[in-house]
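Printed here is structure.cif (mmCIF, C-alpha atoms and all ligand atoms):
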```cif
data_entry
#
loop_
_atom_site.label_atom_id
_atom_site.label_comp_id
_atom_site.auth_asym_id
_atom_site.auth_seq_id
_atom_site.Cartn_x
_atom_site.Cartn_y
_atom_site.Cartn_z
CA MET A 1 -41.77 62.93 3.88
CA MET A 2 -42.42 64.14 0.36
CA THR A 3 -42.67 67.89 0.16
CA ASP A 4 -45.13 69.42 -2.21
CA ARG A 5 -46.73 72.60 -3.50
CA LYS A 6 -50.30 73.15 -4.60
CA LEU A 7 -51.34 76.03 -6.80
CA HIS A 8 -54.92 75.33 -7.85
CA ALA A 9 -57.25 74.71 -4.91
CA HIS A 10 -60.62 76.36 -4.24
CA LEU A 11 -61.51 77.18 -0.63
CA THR A 12 -65.13 75.98 -0.45
CA GLY A 13 -64.43 73.05 -2.80
CA SER A 14 -61.61 71.91 -0.52
CA ILE A 15 -63.82 71.51 2.54
CA THR A 16 -64.12 67.81 3.34
CA LEU A 17 -67.30 65.93 4.15
CA PRO A 18 -66.55 65.55 7.91
CA ILE A 19 -66.24 69.33 8.23
CA PHE A 20 -69.44 69.99 6.29
CA GLN A 21 -71.10 67.36 8.49
CA SER A 22 -69.90 68.93 11.74
CA ILE A 23 -71.03 72.42 10.64
CA TRP A 24 -74.41 70.99 9.65
CA GLN A 25 -74.71 69.30 13.07
CA GLN A 26 -73.85 72.56 14.89
CA ARG A 27 -76.55 74.35 12.91
CA VAL A 28 -79.12 71.63 13.62
CA ASP A 29 -78.30 71.91 17.35
CA THR A 30 -78.43 75.69 17.52
CA GLU A 31 -80.80 77.04 14.85
CA ALA A 32 -84.54 76.57 15.06
CA GLY A 33 -86.02 75.91 11.64
CA PHE A 34 -82.71 74.90 10.05
CA ASP A 35 -83.80 72.34 7.48
CA LEU A 36 -80.96 71.66 5.04
CA PRO A 37 -80.47 67.91 4.48
CA PRO A 38 -77.27 66.40 5.95
CA PRO A 39 -74.11 66.59 3.81
CA ASP A 40 -73.51 62.85 3.94
CA GLN A 41 -76.79 62.41 2.06
CA VAL A 42 -76.22 65.23 -0.40
CA LEU A 43 -72.51 64.72 -1.15
CA GLY A 44 -72.47 60.94 -1.64
CA ASN A 45 -72.44 59.04 -4.93
CA GLY A 46 -70.23 61.42 -6.86
CA ALA A 47 -72.42 64.47 -6.21
CA GLY A 48 -71.26 67.55 -8.09
CA GLN A 49 -68.72 65.69 -10.20
CA SER A 50 -69.90 67.06 -13.54
CA VAL A 51 -70.13 70.51 -15.08
CA SER A 52 -73.93 70.32 -15.00
CA THR A 53 -74.16 69.42 -11.30
CA PHE A 54 -71.00 71.03 -9.87
CA PHE A 55 -72.08 74.67 -9.92
CA PRO A 56 -75.69 74.03 -8.82
CA LEU A 57 -74.36 72.03 -5.85
CA PHE A 58 -72.41 75.07 -4.67
CA ASN A 59 -75.13 77.59 -5.45
CA THR A 60 -78.04 75.69 -3.96
CA TYR A 61 -76.49 73.74 -1.10
CA LEU A 62 -72.87 74.30 -0.04
CA TYR A 63 -73.09 78.11 0.05
CA SER A 64 -76.33 77.81 2.03
CA LEU A 65 -74.66 75.50 4.51
CA ILE A 66 -71.61 77.76 4.98
CA SER A 67 -73.73 80.88 5.28
CA SER A 68 -71.99 82.71 8.10
CA LEU A 69 -68.45 84.00 8.62
CA PRO A 70 -67.62 81.91 11.73
CA TYR A 71 -68.52 78.72 9.86
CA LEU A 72 -66.44 79.75 6.86
CA LEU A 73 -63.43 80.51 9.07
CA THR A 74 -63.81 77.16 10.83
CA ALA A 75 -63.88 75.50 7.41
CA LEU A 76 -60.84 77.52 6.27
CA GLN A 77 -58.85 76.32 9.28
CA SER A 78 -59.73 72.71 8.49
CA VAL A 79 -58.77 73.16 4.83
CA LEU A 80 -55.34 74.53 5.82
CA GLU A 81 -54.87 71.65 8.26
CA THR A 82 -55.91 69.11 5.62
CA PHE A 83 -53.26 70.35 3.18
CA GLN A 84 -50.54 70.67 5.81
CA SER A 85 -51.17 67.21 7.21
CA ASP A 86 -50.75 65.94 3.64
CA ASN A 87 -47.20 67.40 3.66
CA VAL A 88 -48.00 70.36 1.43
CA ILE A 89 -45.51 73.13 2.21
CA TYR A 90 -46.71 75.82 -0.18
CA LEU A 91 -50.37 76.46 -0.97
CA GLU A 92 -52.22 78.98 -3.10
CA LEU A 93 -55.87 78.90 -2.11
CA ARG A 94 -58.44 80.70 -4.22
CA THR A 95 -61.88 81.96 -3.39
CA THR A 96 -64.65 84.02 -4.95
CA PRO A 97 -65.65 86.98 -2.75
CA ARG A 98 -69.25 86.75 -1.52
CA SER A 99 -71.09 88.43 1.30
CA LEU A 100 -72.17 86.48 4.38
CA ARG A 101 -74.79 88.43 6.29
CA PRO A 102 -74.18 90.74 8.07
CA HIS A 103 -70.71 90.94 6.52
CA SER A 104 -69.92 92.38 3.11
CA ALA A 105 -67.81 90.42 0.62
CA SER A 106 -64.79 92.60 1.38
CA GLU A 107 -65.20 92.02 5.14
CA VAL A 108 -65.34 88.27 4.50
CA ILE A 109 -62.19 88.33 2.35
CA SER A 110 -60.42 90.53 4.93
CA ALA A 111 -61.22 87.99 7.64
CA ILE A 112 -60.00 85.10 5.46
CA SER A 113 -56.79 87.01 4.65
CA GLN A 114 -56.16 87.75 8.31
CA GLN A 115 -56.62 84.13 9.30
CA ILE A 116 -54.23 82.98 6.57
CA GLN A 117 -51.70 85.59 7.64
CA GLU A 118 -51.88 84.33 11.24
CA TRP A 119 -51.51 80.78 9.95
CA ASN A 120 -48.39 81.71 8.00
CA VAL A 121 -46.71 83.13 11.10
CA SER A 122 -47.04 79.94 13.11
CA GLN A 123 -47.16 77.03 10.66
CA LEU A 124 -44.77 75.22 8.31
CA MET A 125 -46.99 75.47 5.21
CA TRP A 126 -47.07 78.94 3.65
CA THR A 127 -50.37 79.96 2.08
CA GLY A 128 -51.22 82.72 -0.38
CA LEU A 129 -54.70 83.81 -1.36
CA ILE A 130 -55.95 84.28 -4.93
CA LEU A 131 -59.23 86.13 -5.48
CA SER A 132 -61.49 84.68 -8.15
CA ILE A 133 -63.71 86.53 -10.58
CA ASP A 134 -66.70 84.37 -11.57
CA ARG A 135 -67.40 84.66 -15.30
CA SER A 136 -70.98 83.53 -14.82
CA LYS A 137 -71.82 86.02 -12.05
CA HIS A 138 -69.69 89.12 -11.88
CA SER A 139 -70.42 92.34 -13.72
CA ILE A 140 -67.55 94.54 -14.88
CA SER A 141 -67.91 96.82 -11.87
CA GLU A 142 -68.02 93.90 -9.45
CA ALA A 143 -64.88 92.48 -11.04
CA TRP A 144 -63.13 95.87 -10.68
CA GLY A 145 -64.21 95.79 -7.03
CA ILE A 146 -62.53 92.38 -6.58
CA LEU A 147 -59.28 93.61 -8.12
CA ASN A 148 -59.30 96.74 -5.93
CA LEU A 149 -59.99 94.62 -2.86
CA ALA A 150 -57.03 92.37 -3.74
CA LEU A 151 -54.73 95.38 -4.18
CA ASP A 152 -55.94 97.04 -1.00
CA LEU A 153 -55.38 93.92 1.11
CA ARG A 154 -51.98 93.31 -0.44
CA SER A 155 -50.96 96.89 0.33
CA ARG A 156 -51.88 96.24 3.96
CA GLY A 157 -49.50 93.26 4.08
CA TYR A 158 -51.92 90.38 3.62
CA PRO A 159 -50.74 87.44 1.50
CA ILE A 160 -52.83 88.15 -1.60
CA VAL A 161 -50.89 86.76 -4.53
CA GLY A 162 -53.12 86.68 -7.58
CA LEU A 163 -56.34 87.04 -9.53
CA ASP A 164 -58.21 84.11 -11.07
CA LEU A 165 -60.97 83.80 -13.65
CA GLY A 166 -63.27 80.89 -12.94
CA GLY A 167 -66.92 79.92 -12.72
CA ASN A 168 -69.12 77.97 -15.08
CA PRO A 169 -67.16 77.76 -18.37
CA ILE A 170 -70.36 77.53 -20.39
CA LYS A 171 -71.45 80.97 -19.25
CA GLY A 172 -70.28 84.55 -19.60
CA ASP A 173 -68.25 86.58 -22.06
CA VAL A 174 -64.67 86.77 -20.86
CA LYS A 175 -63.85 89.80 -23.03
CA ILE A 176 -65.57 92.11 -20.55
CA TYR A 177 -62.80 91.44 -17.99
CA ARG A 178 -59.86 92.25 -20.26
CA GLU A 179 -58.98 95.64 -18.77
CA ILE A 180 -59.29 94.29 -15.24
CA PHE A 181 -56.81 91.48 -15.81
CA GLU A 182 -54.47 93.80 -17.70
CA ALA A 183 -54.56 96.19 -14.75
CA ALA A 184 -53.93 93.32 -12.32
CA LYS A 185 -50.91 92.32 -14.40
CA ARG A 186 -49.53 95.87 -14.32
CA GLU A 187 -49.94 95.88 -10.55
CA GLY A 188 -47.85 92.71 -10.27
CA LEU A 189 -50.56 90.29 -9.20
CA GLY A 190 -50.18 86.75 -10.55
CA LEU A 191 -52.78 85.93 -13.22
CA THR A 192 -54.29 82.49 -13.47
CA LEU A 193 -57.26 81.59 -15.65
CA HIS A 194 -59.47 78.51 -15.96
CA PHE A 195 -58.72 77.65 -19.57
CA GLY A 196 -59.86 75.09 -22.13
CA GLU A 197 -62.34 73.35 -19.85
CA ILE A 198 -64.82 72.83 -22.68
CA GLU A 199 -64.48 72.22 -26.39
CA GLY A 200 -64.66 74.78 -29.18
CA ARG A 201 -63.63 78.03 -27.49
CA ASP A 202 -60.68 78.96 -29.72
CA GLU A 203 -61.60 82.64 -29.90
CA GLU A 204 -62.07 82.85 -26.15
CA GLN A 205 -58.70 81.20 -25.60
CA SER A 206 -56.97 83.74 -27.88
CA GLU A 207 -58.67 86.54 -25.97
CA MET A 208 -57.49 85.18 -22.62
CA LEU A 209 -53.97 84.64 -23.89
CA SER A 210 -53.79 88.32 -24.91
CA TRP A 211 -54.03 89.20 -21.19
CA GLU A 212 -50.63 87.48 -20.75
CA PRO A 213 -51.60 85.16 -17.90
CA ASP A 214 -48.88 83.57 -15.80
CA ARG A 215 -50.66 80.26 -15.40
CA LEU A 216 -53.63 78.42 -16.86
CA GLY A 217 -55.79 75.85 -15.12
CA HIS A 218 -56.91 72.56 -16.72
CA VAL A 219 -55.84 73.31 -20.35
CA ILE A 220 -57.86 70.40 -21.71
CA TRP A 221 -59.41 71.40 -25.04
CA VAL A 222 -56.39 73.14 -26.48
CA LYS A 223 -55.32 72.79 -30.10
CA GLU A 224 -51.71 72.12 -31.09
CA GLU A 225 -51.21 75.66 -32.38
CA MET A 226 -52.39 77.07 -29.04
CA LYS A 227 -50.14 74.66 -27.14
CA ARG A 228 -47.17 75.97 -29.10
CA LYS A 229 -48.11 79.52 -28.08
CA LEU A 230 -48.32 78.51 -24.42
CA VAL A 231 -44.85 77.01 -24.68
CA GLU A 232 -43.49 80.11 -26.44
CA MET A 233 -45.00 82.38 -23.79
CA ASP A 234 -43.71 80.09 -21.02
CA ILE A 235 -47.10 79.91 -19.32
CA GLY A 236 -47.44 77.56 -16.35
CA VAL A 237 -50.06 74.81 -16.52
CA GLU A 238 -52.08 73.61 -13.52
CA MET A 239 -53.06 69.98 -13.97
CA CYS A 240 -56.05 68.55 -12.07
CA LEU A 241 -56.15 64.81 -12.77
CA SER A 242 -59.04 63.47 -10.68
CA CYS A 243 -61.24 66.48 -11.30
CA ASN A 244 -60.84 66.12 -15.08
CA VAL A 245 -61.40 62.36 -15.08
CA LEU A 246 -64.29 62.18 -12.61
CA ALA A 247 -66.04 65.22 -14.07
CA GLY A 248 -65.80 63.75 -17.57
CA LEU A 249 -64.04 66.86 -18.89
CA LEU A 250 -61.52 64.97 -21.02
CA PRO A 251 -61.86 64.14 -24.71
CA PRO A 252 -63.51 60.73 -25.17
CA ILE A 253 -61.20 57.78 -25.68
CA SER A 254 -62.02 54.30 -26.86
CA THR A 255 -62.19 52.03 -23.84
CA PRO A 256 -63.40 48.46 -23.54
CA ILE A 257 -66.65 49.52 -21.88
CA ARG A 258 -69.31 46.85 -21.86
CA ASN A 259 -72.68 48.12 -22.92
CA THR A 260 -76.08 47.41 -21.43
CA LYS A 261 -76.88 44.93 -24.19
CA GLU A 262 -73.83 42.86 -23.34
CA MET A 263 -74.75 42.99 -19.66
CA THR A 264 -78.21 41.74 -20.49
CA VAL A 265 -76.73 38.86 -22.45
CA ARG A 266 -74.50 37.93 -19.51
CA SER A 267 -77.43 38.12 -17.12
CA SER A 268 -79.51 35.98 -19.45
CA ALA A 269 -76.80 33.35 -19.54
CA ASN A 270 -76.69 33.29 -15.75
CA ALA A 271 -80.46 33.06 -15.63
CA GLU A 272 -80.46 30.04 -17.90
CA MET A 273 -77.84 28.33 -15.81
CA ASP A 274 -79.87 28.96 -12.67
CA ALA A 275 -83.05 27.83 -14.41
CA SER A 276 -81.49 24.50 -15.18
CA ALA A 277 -80.41 24.27 -11.54
CA GLY A 278 -84.02 24.77 -10.50
CA ASN A 279 -83.65 28.19 -8.82
CA GLU A 280 -86.62 30.49 -8.67
CA TYR A 281 -86.40 33.57 -10.79
CA GLU A 282 -88.47 35.87 -12.90
CA LEU A 283 -87.45 35.71 -16.56
CA GLU A 284 -90.18 37.91 -17.95
CA GLY A 285 -88.78 41.06 -16.43
CA LEU A 286 -85.42 40.46 -18.07
CA MET A 287 -86.98 39.78 -21.46
CA LYS A 288 -88.52 43.22 -21.24
CA GLY A 289 -85.15 44.67 -20.33
CA ASP A 290 -86.32 45.25 -16.76
CA GLN A 291 -83.60 43.82 -14.56
CA ASP A 292 -85.10 45.11 -11.32
CA SER A 293 -87.23 42.06 -10.64
CA PHE A 294 -84.66 39.47 -11.66
CA ASP A 295 -82.81 37.48 -8.99
CA VAL A 296 -80.00 35.00 -9.45
CA GLY A 297 -79.31 33.09 -6.25
CA ASN A 298 -78.21 35.57 -3.57
CA ILE A 299 -77.04 38.23 -6.04
CA SER A 300 -79.78 40.06 -7.89
CA ALA A 301 -79.17 40.90 -11.53
CA LYS A 302 -79.49 44.55 -10.55
CA GLU A 303 -76.62 44.22 -8.09
CA GLU A 304 -74.54 42.28 -10.58
CA SER A 305 -75.29 44.84 -13.25
CA SER A 306 -74.34 47.76 -11.02
CA LYS A 307 -71.13 45.96 -9.99
CA MET A 308 -70.27 45.53 -13.67
CA GLU A 309 -71.08 49.15 -14.32
CA GLU A 310 -68.77 50.10 -11.45
CA ASP A 311 -66.03 47.84 -12.87
CA ASP A 312 -66.50 49.43 -16.29
CA ARG A 313 -66.39 52.88 -14.77
CA GLN A 314 -63.14 52.08 -12.94
CA GLU A 315 -61.66 50.63 -16.14
CA SER A 316 -62.68 53.76 -18.03
CA TYR A 317 -61.19 56.00 -15.32
CA GLU A 318 -57.90 54.10 -15.46
CA ALA A 319 -57.73 54.58 -19.23
CA GLN A 320 -58.54 58.27 -18.92
CA TYR A 321 -55.88 58.90 -16.28
CA THR A 322 -53.34 57.25 -18.57
CA SER A 323 -54.37 59.43 -21.52
CA HIS A 324 -54.56 62.65 -19.45
CA HIS A 325 -52.75 65.58 -21.09
CA PHE A 326 -50.38 65.72 -18.12
CA GLY A 327 -48.49 63.11 -20.14
CA GLN A 328 -47.87 65.68 -22.89
CA TRP A 329 -47.13 68.67 -20.71
CA TRP A 330 -44.69 66.69 -18.60
CA PHE A 331 -42.39 66.58 -21.63
CA LEU A 332 -42.76 70.28 -22.46
CA PRO A 333 -40.63 72.92 -20.73
CA ASN A 334 -43.36 74.96 -18.98
CA SER A 335 -43.92 75.22 -15.27
CA ILE A 336 -46.32 72.43 -14.34
CA SER A 337 -48.10 71.50 -11.13
CA ILE A 338 -50.44 68.74 -9.97
CA ASN A 339 -53.43 70.04 -8.07
CA THR A 340 -56.51 68.94 -6.18
CA ASP A 341 -58.89 71.65 -7.50
CA ASP A 342 -61.86 70.72 -5.25
CA LEU A 343 -60.76 67.88 -3.01
CA GLY A 344 -64.02 67.95 -1.06
CA ILE A 345 -65.91 67.07 -4.25
CA PHE A 346 -63.42 64.77 -5.95
CA HIS A 347 -62.20 63.15 -2.71
CA SER A 348 -58.54 63.14 -3.64
CA ILE A 349 -55.89 64.79 -1.49
CA SER A 350 -52.62 66.09 -2.89
CA SER A 351 -50.58 62.97 -2.17
CA SER A 352 -53.25 60.85 -3.91
CA GLU A 353 -53.00 63.04 -7.00
CA HIS A 354 -49.22 62.62 -7.04
CA PHE A 355 -49.64 58.89 -6.55
CA LEU A 356 -51.91 58.83 -9.63
CA ALA A 357 -49.27 60.68 -11.64
CA CYS A 358 -46.60 58.20 -10.52
CA LYS A 359 -48.83 55.26 -11.36
CA HIS A 360 -50.04 56.38 -14.77
CA PHE A 361 -46.97 58.24 -16.01
CA HIS A 362 -44.30 56.16 -14.31
CA LEU A 363 -42.80 59.05 -12.38
CA SER A 364 -39.88 58.18 -10.13
CA ARG A 365 -38.90 59.92 -6.89
CA VAL A 366 -36.41 61.98 -8.88
CA ASP A 367 -39.23 62.95 -11.25
CA LEU A 368 -41.43 64.01 -8.32
CA VAL A 369 -38.75 66.39 -7.08
CA ARG A 370 -38.34 67.71 -10.63
CA LEU A 371 -42.11 68.22 -10.72
CA SER A 372 -41.98 70.18 -7.45
CA ARG A 373 -39.23 72.42 -8.85
CA ARG A 374 -41.20 73.02 -12.04
CA ALA A 375 -44.25 73.94 -9.97
CA LEU A 376 -42.15 76.27 -7.84
CA LYS A 377 -41.08 78.10 -11.01
CA GLY A 378 -44.70 79.23 -11.47
CA VAL A 379 -45.73 80.24 -7.94
CA PHE A 380 -47.01 83.73 -7.12
CA GLY A 381 -45.64 83.99 -3.56
CA PRO A 382 -42.88 86.39 -2.45
CA THR A 383 -39.24 85.61 -3.27
CA GLU A 384 -38.28 84.89 0.35
CA VAL A 385 -40.99 82.22 0.56
CA VAL A 386 -39.91 80.69 -2.76
CA ASP A 387 -36.30 80.61 -1.50
CA LEU A 388 -37.42 78.93 1.71
CA VAL A 389 -39.36 76.28 -0.18
CA GLU A 390 -36.38 75.70 -2.48
CA ARG A 391 -34.12 75.20 0.57
CA ARG A 392 -36.53 72.70 2.06
CA LEU A 393 -36.66 70.88 -1.24
CA SER A 394 -32.85 70.65 -1.32
CA GLU A 395 -32.82 69.39 2.30
CA PHE A 396 -35.38 66.77 1.35
CA GLU A 397 -33.18 65.61 -1.54
CA GLN A 398 -30.17 65.30 0.78
CA GLU A 399 -32.09 63.47 3.49
CA GLU A 400 -33.53 61.03 1.01
CA GLY A 401 -30.36 60.62 -1.07
CA ILE A 402 -32.08 61.88 -4.21
CA PRO A 403 -29.60 63.20 -6.80
CA SER A 404 -30.33 66.84 -7.68
ZN ZN B 501 -60.58 75.26 -10.50
#
```
Encoded form (C-alpha cells):
Amino acid sequence: MMTDRKLHAHLTGSITLPIFQSIWQQRVDTEAGFDLPPPDQVLGNGAGQSVSTFFPLFNTYLYSLISSLPYLLTALQSVLETFQSDNVIYLELRTTPRSLRPHSASEVISAISQQIQEWNVSQLMWTGLILSIDRSKHSISEAWGILNLALDLRSRGYPIVGLDLGGNPIKGDVKIYREIFEAAKREGLGLTLHFGEIEGRDEEQSEMLSWEPDRLGHVIWVKEEMKRKLVEMDIGVEMCLSCNVLAGLLPPISTPIRNTKEMTVRSSANAEMDASAGNEYELEGLMKGDQDSFDVGNISAKEESSKMEEDDRQESYEAQYTSHHFGQWWFLPNSISINTDDLGIFHSISSSEHFLACKHFHLSRVDLVRLSRRALKGVFGPTEVVDLVERRLSEFEQEEGIPS
C-alpha cells in the first residue's frame, strides 16, 4: 500500500458522479417539482473542464443540486471515504462557506467541521479543513467573517488548519484581502493561495507574495524571477496535473496535432478508395466541408473524424503532462505535493495523479516516498499528526524494503 497526502482538494469539486447521481435520485423521489436534469447528463463529456465552464457549472448546477445541509454532509462523507479508500492518510480539504437554507454559512461550516472531527477520531486518514475566500464573490467584510469563523472554530477544537484564496482567477482584485490574510498569518493559520492560474498577472503575484503565503496552488504562469523568489521564501507548491492539462491552463506547446484540413484530406482519400470499390456515399457534402452526411462503409466520416480528434486530444494531453511544470519544481528544493484539485470534475483520484507523475517524470518508488516527505514538509496540520504520518511513512519504507 502506497501512503499519500493530499493538500489541495475542494469539497464540492471532489464529489464523484455516483454520489451526485444518488442525491439527484433521492430528490426526484422526495421533492415535488424538483426539475434539475440528472448529473450523468450534465457532467459527461468533460463538463466544467475549462475556466469558462468550470465556475458556471458550480454556480448554476452543482450548488443547486447540493442545496441542503444533509445532502452536503452525505457528500462530505463520501468524499472522505473516496480519499481514504485510495490510501490517502493525510488530507486537507477546502471549502467556501455558503449558506444552505435554513442554515447560515457559519452553521454549515460548523457542521462540516464537526463531521470531520468525528471522522478523525475513528478513521486512519486525518483530515484538516481549509476555509476558502472567493475572489470573485466575497466582499472585504464577508472575507473577515470567514477568517473569524475559522479562528472561532479552531479555538473550539475543530481541525481548521488554513485559509485559501480561490475562485475565478479572471475576476476580483486580490489587494482588498491583504489585511485579512496578514491577520490569518499572525494567528497561525496556514495560508494557501491559488496562484498563477492565468497569464499576465505579475503585479497580482507580487501582491500575493507580500502576504507571505505558506503554499501556492497551480503556479503555472510564473516568470523565472518569481520562481526564484518562491524558492528563496521556501514556499510550498501544490501541483494539480490533470486539472491543468484537461482545463487547458498550461502554456501552449507544439504538438503533432492534425488539423481539420488534414482530416478532410484523409477522409477524401478514403472516399475515393470506396468509390472505386463501388460503395454508396455522398461526396458533395464532403466537398463543401460538411462531413455529417458522408459515410464510408460501416464507419461514417463523422465517427472517423471524431475518433481522430480524440486520438489527437490524447496525444496532446500526453505531451502536456510531460511538459508540466511539475518537472521543474521536482528539481527545486521547495515542499511539493501532487493533488487532485476537483476529482469529481477531472475524474482522477490521487493514485492516478501519482501514476501520471511516475509515467511522465519517471519517478521511482524511492522518488514517491521522497515526494510524500516533501509534501509533509508543507502541511498545516498539528505536529502530533505530522509525526504520526512520518512514522507511518517510515513503517511503509521498512515493509516495502525502500531505502530511506
Ligand atoms: Zn483549486
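Distance annotation: of A:Phe55, A:Phe346, A:Tyr63, A:Trp221, the residue with the minimal separation from A:Gly166 is A:Phe55; atom set is all atoms listed in the file.
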Original post:
Which neighbours of A:Glu182 fall inside 6 Å, counting only C-alpha atoms, when residues of the same chain fewer than 3 positions from it are skipped, and could you give them as an MDAnalysis selection string?
Top reply: chainID A and resid 179 185 211
Rows by chain and residue number, chain A within 12 Å of ligand ZN 501 (chain B), shortest pair, all atoms listed in the file, as a Markdown table:
```
| residue | atom | partner | partner_atom | distance |
| --- | --- | --- | --- | --- |
| A:Leu7 | CA | B:ZN501 | ZN | 10.0 |
| A:His8 | CA | B:ZN501 | ZN | 6.3 |
| A:Ala9 | CA | B:ZN501 | ZN | 6.5 |
| A:His10 | CA | B:ZN501 | ZN | 6.4 |
| A:Leu11 | CA | B:ZN501 | ZN | 10.1 |
| A:Thr12 | CA | B:ZN501 | ZN | 11.1 |
| A:Gly13 | CA | B:ZN501 | ZN | 8.9 |
| A:Ser14 | CA | B:ZN501 | ZN | 10.6 |
| A:Val51 | CA | B:ZN501 | ZN | 11.6 |
| A:Phe54 | CA | B:ZN501 | ZN | 11.3 |
| A:Phe55 | CA | B:ZN501 | ZN | 11.5 |
| A:Glu92 | CA | B:ZN501 | ZN | 11.8 |
| A:Leu93 | CA | B:ZN501 | ZN | 10.3 |
| A:Arg94 | CA | B:ZN501 | ZN | 8.6 |
| A:Thr95 | CA | B:ZN501 | ZN | 9.9 |
| A:Thr96 | CA | B:ZN501 | ZN | 11.1 |
| A:Ile130 | CA | B:ZN501 | ZN | 11.6 |
| A:Ser132 | CA | B:ZN501 | ZN | 9.8 |
| A:Ile133 | CA | B:ZN501 | ZN | 11.7 |
| A:Asp134 | CA | B:ZN501 | ZN | 11.0 |
| A:Asp164 | CA | B:ZN501 | ZN | 9.2 |
| A:Leu165 | CA | B:ZN501 | ZN | 9.1 |
| A:Gly166 | CA | B:ZN501 | ZN | 6.7 |
| A:Gly167 | CA | B:ZN501 | ZN | 8.2 |
| A:Asn168 | CA | B:ZN501 | ZN | 10.1 |
| A:Pro169 | CA | B:ZN501 | ZN | 10.6 |
| A:Thr192 | CA | B:ZN501 | ZN | 10.0 |
| A:Leu193 | CA | B:ZN501 | ZN | 8.8 |
| A:His194 | CA | B:ZN501 | ZN | 6.5 |
| A:Phe195 | CA | B:ZN501 | ZN | 9.6 |
| A:Gly196 | CA | B:ZN501 | ZN | 11.7 |
| A:Glu197 | CA | B:ZN501 | ZN | 9.7 |
| A:Leu216 | CA | B:ZN501 | ZN | 9.9 |
| A:Gly217 | CA | B:ZN501 | ZN | 6.7 |
| A:His218 | CA | B:ZN501 | ZN | 7.7 |
| A:Val219 | CA | B:ZN501 | ZN | 11.1 |
| A:Glu238 | CA | B:ZN501 | ZN | 9.2 |
| A:Met239 | CA | B:ZN501 | ZN | 9.8 |
| A:Cys240 | CA | B:ZN501 | ZN | 8.2 |
| A:Leu241 | CA | B:ZN501 | ZN | 11.6 |
| A:Ser242 | CA | B:ZN501 | ZN | 11.9 |
| A:Cys243 | CA | B:ZN501 | ZN | 8.8 |
| A:Asn244 | CA | B:ZN501 | ZN | 10.2 |
| A:Ala247 | CA | B:ZN501 | ZN | 12.0 |
| A:Asn339 | CA | B:ZN501 | ZN | 9.2 |
| A:Thr340 | CA | B:ZN501 | ZN | 8.7 |
| A:Asp341 | CA | B:ZN501 | ZN | 5.0 |
| A:Asp342 | CA | B:ZN501 | ZN | 7.1 |
| A:Leu343 | CA | B:ZN501 | ZN | 10.5 |
| A:Ile345 | CA | B:ZN501 | ZN | 11.6 |
| A:Phe346 | CA | B:ZN501 | ZN | 11.8 |
```
**OP:** Select, counting all atoms listed in the file, all protein, DNA and RNA residues no farther than 10 Å from (-47.4, 83.6, -3.7) in file coordinates, and express the selection as number ranges by chain.
**Re:** A: 7, 90-93, 126-130, 159-162, 189-190, 376, 378-383, 385-386
Write the residues you've just listed into a file as a compact mmCIF listing (two decimals), in the frame of the given file, and include C-alpha atoms for each of them.
```txt
# COMPACT_ATOMS: atom_id res chain seq x y z
CA LEU A 7 -51.34 76.03 -6.80
CA TYR A 90 -46.71 75.82 -0.18
CA LEU A 91 -50.37 76.46 -0.97
CA GLU A 92 -52.22 78.98 -3.10
CA LEU A 93 -55.87 78.90 -2.11
CA TRP A 126 -47.07 78.94 3.65
CA THR A 127 -50.37 79.96 2.08
CA GLY A 128 -51.22 82.72 -0.38
CA LEU A 129 -54.70 83.81 -1.36
CA ILE A 130 -55.95 84.28 -4.93
CA PRO A 159 -50.74 87.44 1.50
CA ILE A 160 -52.83 88.15 -1.60
CA VAL A 161 -50.89 86.76 -4.53
CA GLY A 162 -53.12 86.68 -7.58
CA LEU A 189 -50.56 90.29 -9.20
CA GLY A 190 -50.18 86.75 -10.55
CA LEU A 376 -42.15 76.27 -7.84
CA GLY A 378 -44.70 79.23 -11.47
CA VAL A 379 -45.73 80.24 -7.94
CA PHE A 380 -47.01 83.73 -7.12
CA GLY A 381 -45.64 83.99 -3.56
CA PRO A 382 -42.88 86.39 -2.45
CA THR A 383 -39.24 85.61 -3.27
CA VAL A 385 -40.99 82.22 0.56
CA VAL A 386 -39.91 80.69 -2.76
```
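With distances restricted to only C-alpha atoms, A:Leu153 is the closest residue to A:Ser110 from A:Leu147, A:Ile253, A:Leu69, A:Leu153.
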Could you please give me, as a CSV table (one decimal) with C-alpha atoms, in the coordinates of the input, the residues of protein, DNA or RNA lying at most 10 Å from (-74.1, 74.1, 2.1) in the coordinate frame of the file, considering all atoms listed in the file?
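Result written to result33.csv:
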```csv
chain,number,residue,atom,x,y,z
A,12,THR,CA,-65.1,76.0,-0.4
A,20,PHE,CA,-69.4,70.0,6.3
A,21,GLN,CA,-71.1,67.4,8.5
A,23,ILE,CA,-71.0,72.4,10.6
A,24,TRP,CA,-74.4,71.0,9.6
A,36,LEU,CA,-81.0,71.7,5.0
A,37,PRO,CA,-80.5,67.9,4.5
A,38,PRO,CA,-77.3,66.4,6.0
A,39,PRO,CA,-74.1,66.6,3.8
A,42,VAL,CA,-76.2,65.2,-0.4
A,57,LEU,CA,-74.4,72.0,-5.8
A,58,PHE,CA,-72.4,75.1,-4.7
A,59,ASN,CA,-75.1,77.6,-5.4
A,60,THR,CA,-78.0,75.7,-4.0
A,61,TYR,CA,-76.5,73.7,-1.1
A,62,LEU,CA,-72.9,74.3,0.0
A,63,TYR,CA,-73.1,78.1,0.0
A,64,SER,CA,-76.3,77.8,2.0
A,65,LEU,CA,-74.7,75.5,4.5
A,66,ILE,CA,-71.6,77.8,5.0
A,67,SER,CA,-73.7,80.9,5.3
```
Original post:
Near A:Gln77, within 9 Å and counting all atoms listed in the file, which residues show up once chain neighbours fewer than 4 positions away are dropped, as a ChimeraX atom specification?
Top reply: /A:72-73,81-82,115-116,119
**OP:** Find the distance between atom CA of A:Ser316 and atom CA of A:Asp4 and write it in Å to one decimal.
**Re:** 28.3 Å
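When only C-alpha atoms are used to compute distances to A:Leu388, the closest of the residues A:Leu163, A:Val237, A:Leu76, A:Met125 turns out to be A:Met125.
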Original post:
Between atom CA of A:Ser106 and atom CA of A:Ala183, what is the spacing in Å?
Top reply: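 Those two atoms sit 19.4 Å apart.
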Original post:
Quick one, how far is atom CA of A:Pro213 from atom CA of A:Leu191?
Top reply: 4.9 Å
Original post:
Which is closest to A:Pro70 among A:Ser50, A:Ser350, A:Gln26, A:Asn45, if we use all atoms listed in the file?
Top reply: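 So, comparing all the options, the nearest one is A:Gln26.
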